[in-house]
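Note sheet for the following structure.
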Amino acid sequence: MQTPHIPVLLDEVLDSFDGIRDGYFVDCTLGYAGHSLEVLARYSGFNHIGIDRDDEALAFSATRLEDYKDKSTLYKGTFANVFPTLEESPIVAVLADFGVSSLQLDKKERGFAFDSDTLDMRMASKAPLSARDVVNGYSRDKLEYILDQYGEVRLYKKLTSAIIDARAKRPISSAKELSEIAKSVIPAGGKIHPATLMFQGIRIEVNNELGEIEGLLDALEKKHIKGQVVSLISFHSLEDRLVKNRFKKWTQKCICDANAMRCTCSKNHSLGKALSSKPKTASPTELKKNARSRSAKLRSFRFSRDD
Ligand SMILES: C[S@@+](CC[C@H](N)C(=O)[O-])C[C@H]1O[C@@H](n2cnc3c(N)ncnc32)[C@H](O)[C@@H]1O
């Protein structure tokens, strides 16, 4: 079966679980099961749990995982909601490959592409908030906030004004129209399409992407076991910062206030260690094969205690 998505940093993900033998492997972003299938092939002692909020991805992966159906369970929902409810034990390996899949991006009717005739961007097709609601319904302040904070668009004020002017004439109903607005404000000629950062900001808002990552990190902080390895792949600095800072917090031995005269916490608060000090990034060979791997960063953490 042809896969519509090439898994990024595959060897690095596989290596991150080295030395783990039996238990549950949770793929929080199952997608098209690219990572899951390879992990199951390499780690024969693993049972599998796959989570995704996208029906299409789950249906596709259920077929791809046919050979493993006796040891695999799939859950529909967001990982921040589903992960804390998992009762399977022991969970020894966790993977999340954040963001959207190539199929979601490429399928015009999902509204993620710059030339889509729809304006949607929901990873779960029945989720209550779509890009259309955000673009046509949000106040100037809220639009400015998401373009600035989630999109890191330098000309966010000007772009917000252009969106508000356009929607005052008639509702903006396609990604194509929205891209044209971006092109009218943001000079072409940069390394990326003028609408890239705006789309990123809107997509993050529609899918609560940063809130989801925080939710998963909170859940892992509460529920982990000794020896469990968590491997998280991010695609932009906002995602990576959340992961990096949380791993730093989990590593710290001392949790005393930075202004405290001396340590009173007994310095035994470290939950474990990052597997590498720097994130893993794509090799030149992978970069040649898969342009999407360009911005991927993998960080892995091994918990060394049960509480
Ligand atoms: C980058 S793709 C994963 C691809 C997968 N690793 C593979 O090799 O096929 C991300 C997938 O995660 C899903 N996803 C993103 N955020 C999610 C969330 N918060 N909860 C559940 N699924 C999510 C998307 O629907 C998409 O299918």
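Going through the structure tokens in order, the chains are called A, B, and so on, while each chain numbers its residues from 1 and the ligands are numbered from 1 in the order shown.
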
Dump as JSON lines the rows for residues of chain A within 9 Å of ligand 1: closest atom pair and distance in Å with one decimal, only C-alpha atoms and all ligand atoms counted, ordered by chain and rising residue number.
```
{"residue": "A:Thr3", "atom": "CA", "partner": "ligand 1", "partner_atom_place_in_ligand_line": "9 (O)", "distance": 7.9}
{"residue": "A:Pro4", "atom": "CA", "partner": "ligand 1", "partner_atom_place_in_ligand_line": "9 (O)", "distance": 8.1}
{"residue": "A:His5", "atom": "CA", "partner": "ligand 1", "partner_atom_place_in_ligand_line": "9 (O)", "distance": 5.6}
{"residue": "A:Ile6", "atom": "CA", "partner": "ligand 1", "partner_atom_place_in_ligand_line": "8 (O)", "distance": 6.1}
{"residue": "A:Pro7", "atom": "CA", "partner": "ligand 1", "partner_atom_place_in_ligand_line": "8 (O)", "distance": 3.9}
{"residue": "A:Val8", "atom": "CA", "partner": "ligand 1", "partner_atom_place_in_ligand_line": "8 (O)", "distance": 7.0}
{"residue": "A:Leu10", "atom": "CA", "partner": "ligand 1", "partner_atom_place_in_ligand_line": "8 (O)", "distance": 8.3}
{"residue": "A:Asp27", "atom": "CA", "partner": "ligand 1", "partner_atom_place_in_ligand_line": "6 (N)", "distance": 7.7}
{"residue": "A:Cys28", "atom": "CA", "partner": "ligand 1", "partner_atom_place_in_ligand_line": "21 (C)", "distance": 6.2}
{"residue": "A:Thr29", "atom": "CA", "partner": "ligand 1", "partner_atom_place_in_ligand_line": "12 (O)", "distance": 3.7}
{"residue": "A:Leu30", "atom": "CA", "partner": "ligand 1", "partner_atom_place_in_ligand_line": "5 (C)", "distance": 5.1}
{"residue": "A:Gly31", "atom": "CA", "partner": "ligand 1", "partner_atom_place_in_ligand_line": "27 (O)", "distance": 3.4}
{"residue": "A:Tyr32", "atom": "CA", "partner": "ligand 1", "partner_atom_place_in_ligand_line": "9 (O)", "distance": 3.5}
{"residue": "A:Ala33", "atom": "CA", "partner": "ligand 1", "partner_atom_place_in_ligand_line": "9 (O)", "distance": 4.2}
{"residue": "A:Gly34", "atom": "CA", "partner": "ligand 1", "partner_atom_place_in_ligand_line": "8 (O)", "distance": 3.3}
{"residue": "A:His35", "atom": "CA", "partner": "ligand 1", "partner_atom_place_in_ligand_line": "8 (O)", "distance": 4.3}
{"residue": "A:Ser36", "atom": "CA", "partner": "ligand 1", "partner_atom_place_in_ligand_line": "8 (O)", "distance": 6.8}
{"residue": "A:Leu37", "atom": "CA", "partner": "ligand 1", "partner_atom_place_in_ligand_line": "8 (O)", "distance": 8.4}
{"residue": "A:Ile51", "atom": "CA", "partner": "ligand 1", "partner_atom_place_in_ligand_line": "21 (C)", "distance": 5.8}
{"residue": "A:Asp52", "atom": "CA", "partner": "ligand 1", "partner_atom_place_in_ligand_line": "22 (N)", "distance": 3.6}
{"residue": "A:Arg53", "atom": "CA", "partner": "ligand 1", "partner_atom_place_in_ligand_line": "21 (C)", "distance": 4.3}
{"residue": "A:Asp54", "atom": "CA", "partner": "ligand 1", "partner_atom_place_in_ligand_line": "25 (O)", "distance": 4.6}
{"residue": "A:Asp55", "atom": "CA", "partner": "ligand 1", "partner_atom_place_in_ligand_line": "25 (O)", "distance": 8.3}
{"residue": "A:Glu56", "atom": "CA", "partner": "ligand 1", "partner_atom_place_in_ligand_line": "27 (O)", "distance": 8.3}
{"residue": "A:Ala57", "atom": "CA", "partner": "ligand 1", "partner_atom_place_in_ligand_line": "27 (O)", "distance": 5.5}
{"residue": "A:Leu58", "atom": "CA", "partner": "ligand 1", "partner_atom_place_in_ligand_line": "27 (O)", "distance": 7.9}
{"residue": "A:Ser61", "atom": "CA", "partner": "ligand 1", "partner_atom_place_in_ligand_line": "9 (O)", "distance": 8.2}
{"residue": "A:Lys76", "atom": "CA", "partner": "ligand 1", "partner_atom_place_in_ligand_line": "21 (C)", "distance": 7.5}
{"residue": "A:Gly77", "atom": "CA", "partner": "ligand 1", "partner_atom_place_in_ligand_line": "21 (C)", "distance": 5.6}
{"residue": "A:Thr78", "atom": "CA", "partner": "ligand 1", "partner_atom_place_in_ligand_line": "20 (N)", "distance": 3.2}
{"residue": "A:Phe79", "atom": "CA", "partner": "ligand 1", "partner_atom_place_in_ligand_line": "20 (N)", "distance": 4.1}
{"residue": "A:Ala80", "atom": "CA", "partner": "ligand 1", "partner_atom_place_in_ligand_line": "19 (N)", "distance": 6.3}
{"residue": "A:Asn81", "atom": "CA", "partner": "ligand 1", "partner_atom_place_in_ligand_line": "20 (N)", "distance": 7.9}
{"residue": "A:Val82", "atom": "CA", "partner": "ligand 1", "partner_atom_place_in_ligand_line": "20 (N)", "distance": 8.2}
{"residue": "A:Leu95", "atom": "CA", "partner": "ligand 1", "partner_atom_place_in_ligand_line": "6 (N)", "distance": 8.3}
{"residue": "A:Ala96", "atom": "CA", "partner": "ligand 1", "partner_atom_place_in_ligand_line": "6 (N)", "distance": 7.2}
{"residue": "A:Asp97", "atom": "CA", "partner": "ligand 1", "partner_atom_place_in_ligand_line": "1 (C)", "distance": 5.1}
{"residue": "A:Phe98", "atom": "CA", "partner": "ligand 1", "partner_atom_place_in_ligand_line": "10 (C)", "distance": 5.4}
{"residue": "A:Gly99", "atom": "CA", "partner": "ligand 1", "partner_atom_place_in_ligand_line": "1 (C)", "distance": 5.0}
{"residue": "A:Val100", "atom": "CA", "partner": "ligand 1", "partner_atom_place_in_ligand_line": "10 (C)", "distance": 4.6}
{"residue": "A:Ser101", "atom": "CA", "partner": "ligand 1", "partner_atom_place_in_ligand_line": "2 (S)", "distance": 3.9}
{"residue": "A:Ser102", "atom": "CA", "partner": "ligand 1", "partner_atom_place_in_ligand_line": "1 (C)", "distance": 7.3}
{"residue": "A:Leu103", "atom": "CA", "partner": "ligand 1", "partner_atom_place_in_ligand_line": "27 (O)", "distance": 8.4}
{"residue": "A:Gln104", "atom": "CA", "partner": "ligand 1", "partner_atom_place_in_ligand_line": "27 (O)", "distance": 7.4}
{"residue": "A:Arg122", "atom": "CA", "partner": "ligand 1", "partner_atom_place_in_ligand_line": "25 (O)", "distance": 8.7}
{"residue": "A:Met123", "atom": "CA", "partner": "ligand 1", "partner_atom_place_in_ligand_line": "25 (O)", "distance": 5.0}
{"residue": "A:Ala124", "atom": "CA", "partner": "ligand 1", "partner_atom_place_in_ligand_line": "25 (O)", "distance": 6.9}
{"residue": "A:Asn207", "atom": "CA", "partner": "ligand 1", "partner_atom_place_in_ligand_line": "19 (N)", "distance": 7.4}
{"residue": "A:Asn208", "atom": "CA", "partner": "ligand 1", "partner_atom_place_in_ligand_line": "19 (N)", "distance": 7.6}
{"residue": "A:Glu209", "atom": "CA", "partner": "ligand 1", "partner_atom_place_in_ligand_line": "19 (N)", "distance": 6.1}
{"residue": "A:Leu210", "atom": "CA", "partner": "ligand 1", "partner_atom_place_in_ligand_line": "19 (N)", "distance": 8.6}
{"residue": "A:Gly211", "atom": "CA", "partner": "ligand 1", "partner_atom_place_in_ligand_line": "19 (N)", "distance": 8.4}
{"residue": "A:Glu212", "atom": "CA", "partner": "ligand 1", "partner_atom_place_in_ligand_line": "19 (N)", "distance": 5.0}
{"residue": "A:Ile213", "atom": "CA", "partner": "ligand 1", "partner_atom_place_in_ligand_line": "19 (N)", "distance": 7.0}
{"residue": "A:Gly215", "atom": "CA", "partner": "ligand 1", "partner_atom_place_in_ligand_line": "19 (N)", "distance": 8.9}
{"residue": "A:Leu216", "atom": "CA", "partner": "ligand 1", "partner_atom_place_in_ligand_line": "19 (N)", "distance": 8.5}
{"residue": "A:Ile233", "atom": "CA", "partner": "ligand 1", "partner_atom_place_in_ligand_line": "1 (C)", "distance": 8.7}
```

Q: Identify, on the basis of only C-alpha atoms, every residue whose closest approach to A:Lys249 does not exceed 12 Å; exclude the query and any residue fewer than 4 positions from it along the same chain; express the result as a ChimeraX atom specification.
A: /A:217-218,221,242-245,253-255,269-274,301

Q: Would you please give, as number ranges by chain, all residues of stretch 68-201 of chain A that DSSP assigns to helix (DSSP H, G or I) based on the backbone?
A: A: 68-71, 79-85, 102-106, 108-110, 131-137, 140-150, 156-169, 175-185, 196-201

Q: Could you please determine the separation between atom CA of A:Phe303 and atom CA of A:Asp18 in Å, to one decimal place?
A: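 For atom CA of A:Phe303 relative to atom CA of A:Asp18, the distance reads 14.2 Å.
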
Q: Based on DSSP run over this structure's backbone, return all residues of stretch 132-233 of chain A in strand (DSSP E or B), as a list in words.
A: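 DSSP on the backbone gives strand (DSSP E or B) at Val229, Val230, Ser231, Leu232 and Ile233 of chain A.
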
Wanna dump the stretch 192-261 of chain A-stretch 157-165 of chain A contacts at 12 Å for me, each residue with its shortest atom pair and the distance in Å to one decimal, counting only C-alpha atoms, ordered by chain and number, as CSV?
```
residue,atom,partner,partner_atom,distance
A:Pro194,CA,A:Leu159,CA,10.9
A:Ala195,CA,A:Leu159,CA,10.1
A:Leu197,CA,A:Leu159,CA,11.2
A:Met198,CA,A:Leu159,CA,8.7
A:Phe199,CA,A:Leu159,CA,12.0
A:Ile202,CA,A:Thr160,CA,11.9
```

Residues from the last selection, C-alpha atoms, saved as a short mmCIF file (atom, residue, chain, number, x, y, z; two decimals), in the first residue's frame:
```
data_model
loop_
_atom_site.label_atom_id
_atom_site.label_comp_id
_atom_site.auth_asym_id
_atom_site.auth_seq_id
_atom_site.Cartn_x
_atom_site.Cartn_y
_atom_site.Cartn_z
CA PRO A 194 4.02 35.02 1.74
CA ALA A 195 1.06 33.21 3.34
CA LEU A 197 3.32 32.12 8.57
CA MET A 198 -0.27 33.38 8.52
CA PHE A 199 -1.49 29.87 7.71
CA ILE A 202 -4.41 30.17 11.99
#
```

(Q) Restricting the calculation to only C-alpha atoms: of A:Asn290, A:Thr85, A:Asn136, A:Asn268, which residue gets closest to A:Thr251? (A) A:Asn268

Q | Residue neighbourhood A:Leu275, 8 Å, only C-alpha atoms, exclusion window fewer than 4 positions, as a list in words | A |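 Returned residues: Ser16, Arg299, Ser300, Phe301 and Arg302 of chain A.
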
Saved selection, atoms kept: C-alpha atoms, as an mmCIF file, in the first residue's frame:
```
data_model
loop_
_atom_site.group_PDB
_atom_site.id
_atom_site.type_symbol
_atom_site.label_atom_id
_atom_site.label_comp_id
_atom_site.auth_asym_id
_atom_site.auth_seq_id
_atom_site.Cartn_x
_atom_site.Cartn_y
_atom_site.Cartn_z
ATOM 1 C CA SER A 16 15.626 6.434 20.725
ATOM 2 C CA ARG A 299 13.994 15.513 21.391
ATOM 3 C CA SER A 300 13.904 12.366 23.527
ATOM 4 C CA PHE A 301 13.716 12.015 27.307
ATOM 5 C CA ARG A 302 14.155 8.943 29.501
#
```

Q) Given the choices A:Arg154, A:Arg140, A:Lys297, A:Arg170, which gets closest to A:Arg241 if the distance is worked out from only C-alpha atoms? A) A:Lys297

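Put simply, atom CA of A:Ala282 is 19.3 Å away from atom CA of A:Ile192.
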
Q: Determine the nearest neighbour of A:Pro279 from the options A:Val13, A:Phe60, A:Val94, A:Asp141, counting only C-alpha atoms.
A: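 Closest to A:Pro279, using only C-alpha atoms: A:Val13.
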